[in-house]
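Below: one structure, written as structure tokens.
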Amino acid sequence: MERCSRVLIDDPAALRGRWKTAVPGFDALWLELGCGKGRFTADTAEQNPSELLVALEKVPDVMVMAMERCCERDLQNVRFIDGDALALPVLFEPDEVDRIYINFCDPWPKNSAAKHRLTAPGFLEIYETILKPEGEIHFKTDNLPLFDWSVESFENNGWTLSEVTRDLHANGPVGVMTDYEAKFYAEGVKINRLVARKERA
């Protein structure tokens, strides 16, 4: 953790409303919820050097691996937050984030736990607040029941969907993969993906 301290934000709430001035030189602010071991984080940051990518992860031991991955490549446009998605309103002010990535989140399969899914209405309200009016959510999962439930959740809460697919890599690898995704692809597991945007009046 100490060796990679330059990419860790110790007090992210202090940057609320001033991320782009505190970490200057970038065109947009992208947020990844649950970065895991950081394959997607590092590859996305490397391929988009003009964007600032902030990765949120609530499991410190896993986040350290992601931080090491980014530091080994000397990536300058990625920062990490040790925290939970419920804290997002404290970390980002309204209209501050340009894009949110949600990759292979916990499906919380029991109906009684549906409110904990990162695509549940309560979380969608949070995302709508911190996203810019033209902001997008990019969502991927291998879990088809979660994906179908999420499609309904987005649509029932006024989000417009595009690029909806239930077999993202049908014709070969597409886009940046997570570690889980690469493993699933090798095993022939289908990946579901969508892009969601909330139009505002």
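Chain labels run A, B, ... following the order of the structure tokens; each chain numbers its residues from 1, and ligands are numbered from 1 in the order shown.
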
Contacts between stretch 36-49 of chain A and stretch 127-184 of chain A, please, where a residue of stretch 127-184 of chain A counts if it comes within 9 Å (with only C-alpha atoms); show its shortest atom pair and distance in Å to one decimal, rows by chain and ascending number, as JSON lines.
{"residue": "A:Val176", "atom": "CA", "partner": "A:Phe40", "partner_atom": "CA", "distance": 6.1}
{"residue": "A:Met177", "atom": "CA", "partner": "A:Phe40", "partner_atom": "CA", "distance": 5.6}
{"residue": "A:Thr178", "atom": "CA", "partner": "A:Phe40", "partner_atom": "CA", "distance": 4.6}
{"residue": "A:Asp179", "atom": "CA", "partner": "A:Arg39", "partner_atom": "CA", "distance": 5.9}

Go ahead and write the selection's residues with C-alpha atoms as an mmCIF file, in the first residue's frame.
data_model
loop_
_atom_site.group_PDB
_atom_site.id
_atom_site.type_symbol
_atom_site.label_atom_id
_atom_site.label_comp_id
_atom_site.auth_asym_id
_atom_site.auth_seq_id
_atom_site.Cartn_x
_atom_site.Cartn_y
_atom_site.Cartn_z
ATOM 1 C CA VAL A 176 -11.281 -4.096 -22.295
ATOM 2 C CA MET A 177 -11.800 -7.183 -20.160
ATOM 3 C CA THR A 178 -11.648 -7.685 -16.405
ATOM 4 C CA ASP A 179 -9.781 -10.660 -14.943
#

Run DSSP on the backbone and give me the residues of stretch 10-118 of chain A it puts in helix (DSSP H, G or I), as JSON, numbers by chain. {"A": [12, 13, 14, 15, 19, 20, 21, 22, 39, 40, 41, 42, 43, 44, 45, 46, 47, 60, 61, 62, 63, 64, 65, 66, 67, 68, 69, 70, 71, 72, 85, 86, 87, 88, 89, 90, 91, 111, 112, 113, 114, 115, 116]}

Selection: 8 Å around stretch 84-99 of chain A, only C-alpha atoms, excl. self and same-chain fewer than 2 positions, as number ranges by chain: A: 12-17, 28-31, 33, 56-58, 82, 101, 123, 126, 129-138

May I have the residues from that selection written out with C-alpha atoms, as a short mmCIF file (atom, residue, chain, number, x, y, z; two decimals), in the first residue's frame?
data_model
loop_
_atom_site.label_atom_id
_atom_site.label_comp_id
_atom_site.auth_asym_id
_atom_site.auth_seq_id
_atom_site.Cartn_x
_atom_site.Cartn_y
_atom_site.Cartn_z
CA PRO A 12 -11.50 11.46 -1.12
CA ALA A 13 -14.33 13.45 0.48
CA ALA A 14 -11.98 16.44 0.56
CA LEU A 15 -11.87 16.34 -3.25
CA ARG A 16 -15.65 16.47 -3.66
CA GLY A 17 -16.41 19.06 -6.31
CA ALA A 28 -13.24 13.74 -18.16
CA LEU A 29 -13.77 11.93 -14.86
CA TRP A 30 -14.60 8.25 -15.09
CA LEU A 31 -15.54 6.13 -12.08
CA LEU A 33 -17.18 0.64 -8.99
CA LEU A 56 -13.51 2.39 -5.96
CA GLU A 57 -12.90 -0.87 -4.10
CA LYS A 58 -14.01 -1.95 -0.62
CA ASP A 82 -10.92 2.45 -0.41
CA TYR A 101 -18.30 1.47 -14.98
CA PHE A 123 -28.11 3.18 -6.38
CA ILE A 126 -27.16 8.12 -6.55
CA THR A 129 -27.10 12.74 -9.06
CA ILE A 130 -23.32 12.52 -9.52
CA LEU A 131 -23.40 11.95 -13.29
CA LYS A 132 -23.40 14.84 -15.73
CA PRO A 133 -26.63 15.16 -17.76
CA GLU A 134 -24.99 13.39 -20.71
CA GLY A 135 -23.21 10.87 -18.47
CA GLU A 136 -23.34 7.12 -19.01
CA ILE A 137 -23.23 3.89 -17.04
CA HIS A 138 -21.44 0.96 -18.67
#

Distance of atom CA of A:Asp148 from atom CA of A:Trp108, expressed in Å to one decimal place: 13.7 Å

Neighbouring residues of A:Pro145 were defined as those with any atom within 10 Å, considering only C-alpha atoms; residues of the same chain fewer than 4 positions away were excluded. Please report them as a short mmCIF file (atom, residue, chain, number, x, y, z; two decimals) with C-alpha atoms, in the first residue's frame.
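Result went into out18.cif, see below:
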data_model
loop_
_atom_site.label_atom_id
_atom_site.label_comp_id
_atom_site.auth_asym_id
_atom_site.auth_seq_id
_atom_site.Cartn_x
_atom_site.Cartn_y
_atom_site.Cartn_z
CA PRO A 107 -25.50 -10.39 -7.97
CA PRO A 109 -29.31 -13.47 -5.84
CA THR A 141 -22.02 -9.14 -15.93
CA TRP A 149 -33.37 -7.65 -13.61
CA SER A 150 -31.05 -4.71 -14.18
CA VAL A 151 -32.51 -3.97 -17.61
#

Looking at only C-alpha atoms, which of A:Leu146, A:Val78, A:Gly175, A:Cys70 is the one that sits closest to A:Asn111? A:Leu146

Residue list (strand (DSSP E or B), DSSP) for stretch 55-160 of chain A, as number ranges by chain: A: 55-57, 78-82, 97-103, 131-141, 159-160

Mind writing the picked residues with N, CA, C and O atoms as an mmCIF file, in the first residue's frame?
data_model
loop_
_atom_site.group_PDB
_atom_site.id
_atom_site.type_symbol
_atom_site.label_atom_id
_atom_site.label_comp_id
_atom_site.auth_asym_id
_atom_site.auth_seq_id
_atom_site.Cartn_x
_atom_site.Cartn_y
_atom_site.Cartn_z
ATOM 1 N N ALA A 55 -10.968 4.551 -9.307
ATOM 2 C CA ALA A 55 -11.430 3.185 -9.040
ATOM 3 C C ALA A 55 -11.785 3.041 -7.568
ATOM 4 O O ALA A 55 -10.966 3.314 -6.691
ATOM 5 N N LEU A 56 -13.009 2.603 -7.315
ATOM 6 C CA LEU A 56 -13.506 2.394 -5.959
ATOM 7 C C LEU A 56 -13.497 0.904 -5.643
ATOM 8 O O LEU A 56 -13.999 0.103 -6.427
ATOM 9 N N GLU A 57 -12.947 0.535 -4.504
ATOM 10 C CA GLU A 57 -12.899 -0.873 -4.102
ATOM 11 C C GLU A 57 -12.974 -0.953 -2.583
ATOM 12 O O GLU A 57 -12.271 -0.236 -1.880
ATOM 13 N N VAL A 78 -4.858 7.462 -13.066
ATOM 14 C CA VAL A 78 -5.724 6.590 -12.275
ATOM 15 C C VAL A 78 -5.496 6.848 -10.789
ATOM 16 O O VAL A 78 -4.366 7.089 -10.359
ATOM 17 N N ARG A 79 -6.588 6.854 -10.037
ATOM 18 C CA ARG A 79 -6.536 7.012 -8.591
ATOM 19 C C ARG A 79 -7.469 5.984 -7.965
ATOM 20 O O ARG A 79 -8.454 5.558 -8.575
ATOM 21 N N PHE A 80 -7.193 5.611 -6.713
ATOM 22 C CA PHE A 80 -7.974 4.589 -6.027
ATOM 23 C C PHE A 80 -8.592 5.133 -4.750
ATOM 24 O O PHE A 80 -7.988 5.960 -4.052
ATOM 25 N N ILE A 81 -9.790 4.636 -4.459
ATOM 26 C CA ILE A 81 -10.495 4.976 -3.226
ATOM 27 C C ILE A 81 -10.871 3.681 -2.519
ATOM 28 O O ILE A 81 -11.469 2.779 -3.125
ATOM 29 N N ASP A 82 -10.513 3.579 -1.251
ATOM 30 C CA ASP A 82 -10.921 2.453 -0.414
ATOM 31 C C ASP A 82 -12.281 2.818 0.170
ATOM 32 O O ASP A 82 -12.374 3.604 1.109
ATOM 33 N N VAL A 97 -19.292 13.554 -12.420
ATOM 34 C CA VAL A 97 -18.744 12.351 -13.055
ATOM 35 C C VAL A 97 -19.280 12.220 -14.481
ATOM 36 O O VAL A 97 -20.465 12.427 -14.731
ATOM 37 N N ASP A 98 -18.384 11.866 -15.411
ATOM 38 C CA ASP A 98 -18.776 11.722 -16.815
ATOM 39 C C ASP A 98 -19.243 10.314 -17.166
ATOM 40 O O ASP A 98 -20.093 10.144 -18.039
ATOM 41 N N ARG A 99 -18.668 9.322 -16.505
ATOM 42 C CA ARG A 99 -19.005 7.926 -16.839
ATOM 43 C C ARG A 99 -18.784 7.049 -15.624
ATOM 44 O O ARG A 99 -17.864 7.282 -14.848
ATOM 45 N N ILE A 100 -19.638 6.014 -15.490
ATOM 46 C CA ILE A 100 -19.499 5.030 -14.422
ATOM 47 C C ILE A 100 -19.411 3.637 -15.033
ATOM 48 O O ILE A 100 -20.222 3.272 -15.897
ATOM 49 N N TYR A 101 -18.431 2.866 -14.586
ATOM 50 C CA TYR A 101 -18.301 1.467 -14.983
ATOM 51 C C TYR A 101 -18.712 0.570 -13.816
ATOM 52 O O TYR A 101 -18.243 0.740 -12.684
ATOM 53 N N ILE A 102 -19.599 -0.391 -14.109
ATOM 54 C CA ILE A 102 -19.978 -1.418 -13.132
ATOM 55 C C ILE A 102 -19.717 -2.764 -13.789
ATOM 56 O O ILE A 102 -20.444 -3.167 -14.702
ATOM 57 N N ASN A 103 -18.678 -3.439 -13.356
ATOM 58 C CA ASN A 103 -18.266 -4.694 -13.983
ATOM 59 C C ASN A 103 -18.352 -5.865 -13.005
ATOM 60 O O ASN A 103 -17.700 -5.859 -11.968
ATOM 61 N N LEU A 131 -23.709 11.932 -11.860
ATOM 62 C CA LEU A 131 -23.403 11.955 -13.287
ATOM 63 C C LEU A 131 -23.786 13.281 -13.922
ATOM 64 O O LEU A 131 -24.789 13.902 -13.560
ATOM 65 N N LYS A 132 -23.017 13.699 -14.913
ATOM 66 C CA LYS A 132 -23.402 14.843 -15.729
ATOM 67 C C LYS A 132 -24.650 14.473 -16.535
ATOM 68 O O LYS A 132 -24.940 13.295 -16.732
ATOM 69 N N PRO A 133 -25.400 15.463 -17.018
ATOM 70 C CA PRO A 133 -26.635 15.161 -17.759
ATOM 71 C C PRO A 133 -26.418 14.200 -18.927
ATOM 72 O O PRO A 133 -27.288 13.390 -19.238
ATOM 73 N N GLU A 134 -25.266 14.283 -19.578
ATOM 74 C CA GLU A 134 -24.990 13.391 -20.707
ATOM 75 C C GLU A 134 -24.188 12.157 -20.283
ATOM 76 O O GLU A 134 -23.735 11.372 -21.125
ATOM 77 N N GLY A 135 -24.024 11.963 -18.981
ATOM 78 C CA GLY A 135 -23.206 10.871 -18.472
ATOM 79 C C GLY A 135 -23.800 9.494 -18.717
ATOM 80 O O GLY A 135 -25.011 9.339 -18.891
ATOM 81 N N GLU A 136 -22.936 8.490 -18.698
ATOM 82 C CA GLU A 136 -23.343 7.123 -19.006
ATOM 83 C C GLU A 136 -22.890 6.137 -17.925
ATOM 84 O O GLU A 136 -21.891 6.367 -17.246
ATOM 85 N N ILE A 137 -23.636 5.043 -17.832
ATOM 86 C CA ILE A 137 -23.233 3.886 -17.038
ATOM 87 C C ILE A 137 -22.950 2.740 -18.001
ATOM 88 O O ILE A 137 -23.793 2.410 -18.851
ATOM 89 N N HIS A 138 -21.786 2.132 -17.884
ATOM 90 C CA HIS A 138 -21.436 0.957 -18.668
ATOM 91 C C HIS A 138 -21.454 -0.241 -17.713
ATOM 92 O O HIS A 138 -20.667 -0.304 -16.764
ATOM 93 N N PHE A 139 -22.333 -1.183 -17.991
ATOM 94 C CA PHE A 139 -22.573 -2.299 -17.072
ATOM 95 C C PHE A 139 -22.313 -3.629 -17.762
ATOM 96 O O PHE A 139 -22.820 -3.879 -18.861
ATOM 97 N N LYS A 140 -21.517 -4.493 -17.111
ATOM 98 C CA LYS A 140 -21.237 -5.832 -17.634
ATOM 99 C C LYS A 140 -21.389 -6.865 -16.528
ATOM 100 O O LYS A 140 -21.022 -6.616 -15.373
ATOM 101 N N THR A 141 -21.899 -8.034 -16.881
ATOM 102 C CA THR A 141 -22.022 -9.137 -15.930
ATOM 103 C C THR A 141 -22.147 -10.453 -16.690
ATOM 104 O O THR A 141 -22.645 -10.493 -17.822
ATOM 105 N N TRP A 159 -34.184 5.343 -17.389
ATOM 106 C CA TRP A 159 -32.911 5.356 -18.095
ATOM 107 C C TRP A 159 -33.104 4.833 -19.513
ATOM 108 O O TRP A 159 -33.903 3.924 -19.752
ATOM 109 N N THR A 160 -32.382 5.398 -20.470
ATOM 110 C CA THR A 160 -32.411 4.947 -21.849
ATOM 111 C C THR A 160 -31.242 4.001 -22.080
ATOM 112 O O THR A 160 -30.092 4.332 -21.753
#

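With only C-alpha atoms as the atoms that count, the minimum distance from A:Pro24 to the choices A:Val62, A:Asn77, A:Arg69, A:Glu128 is reached by A:Asn77.
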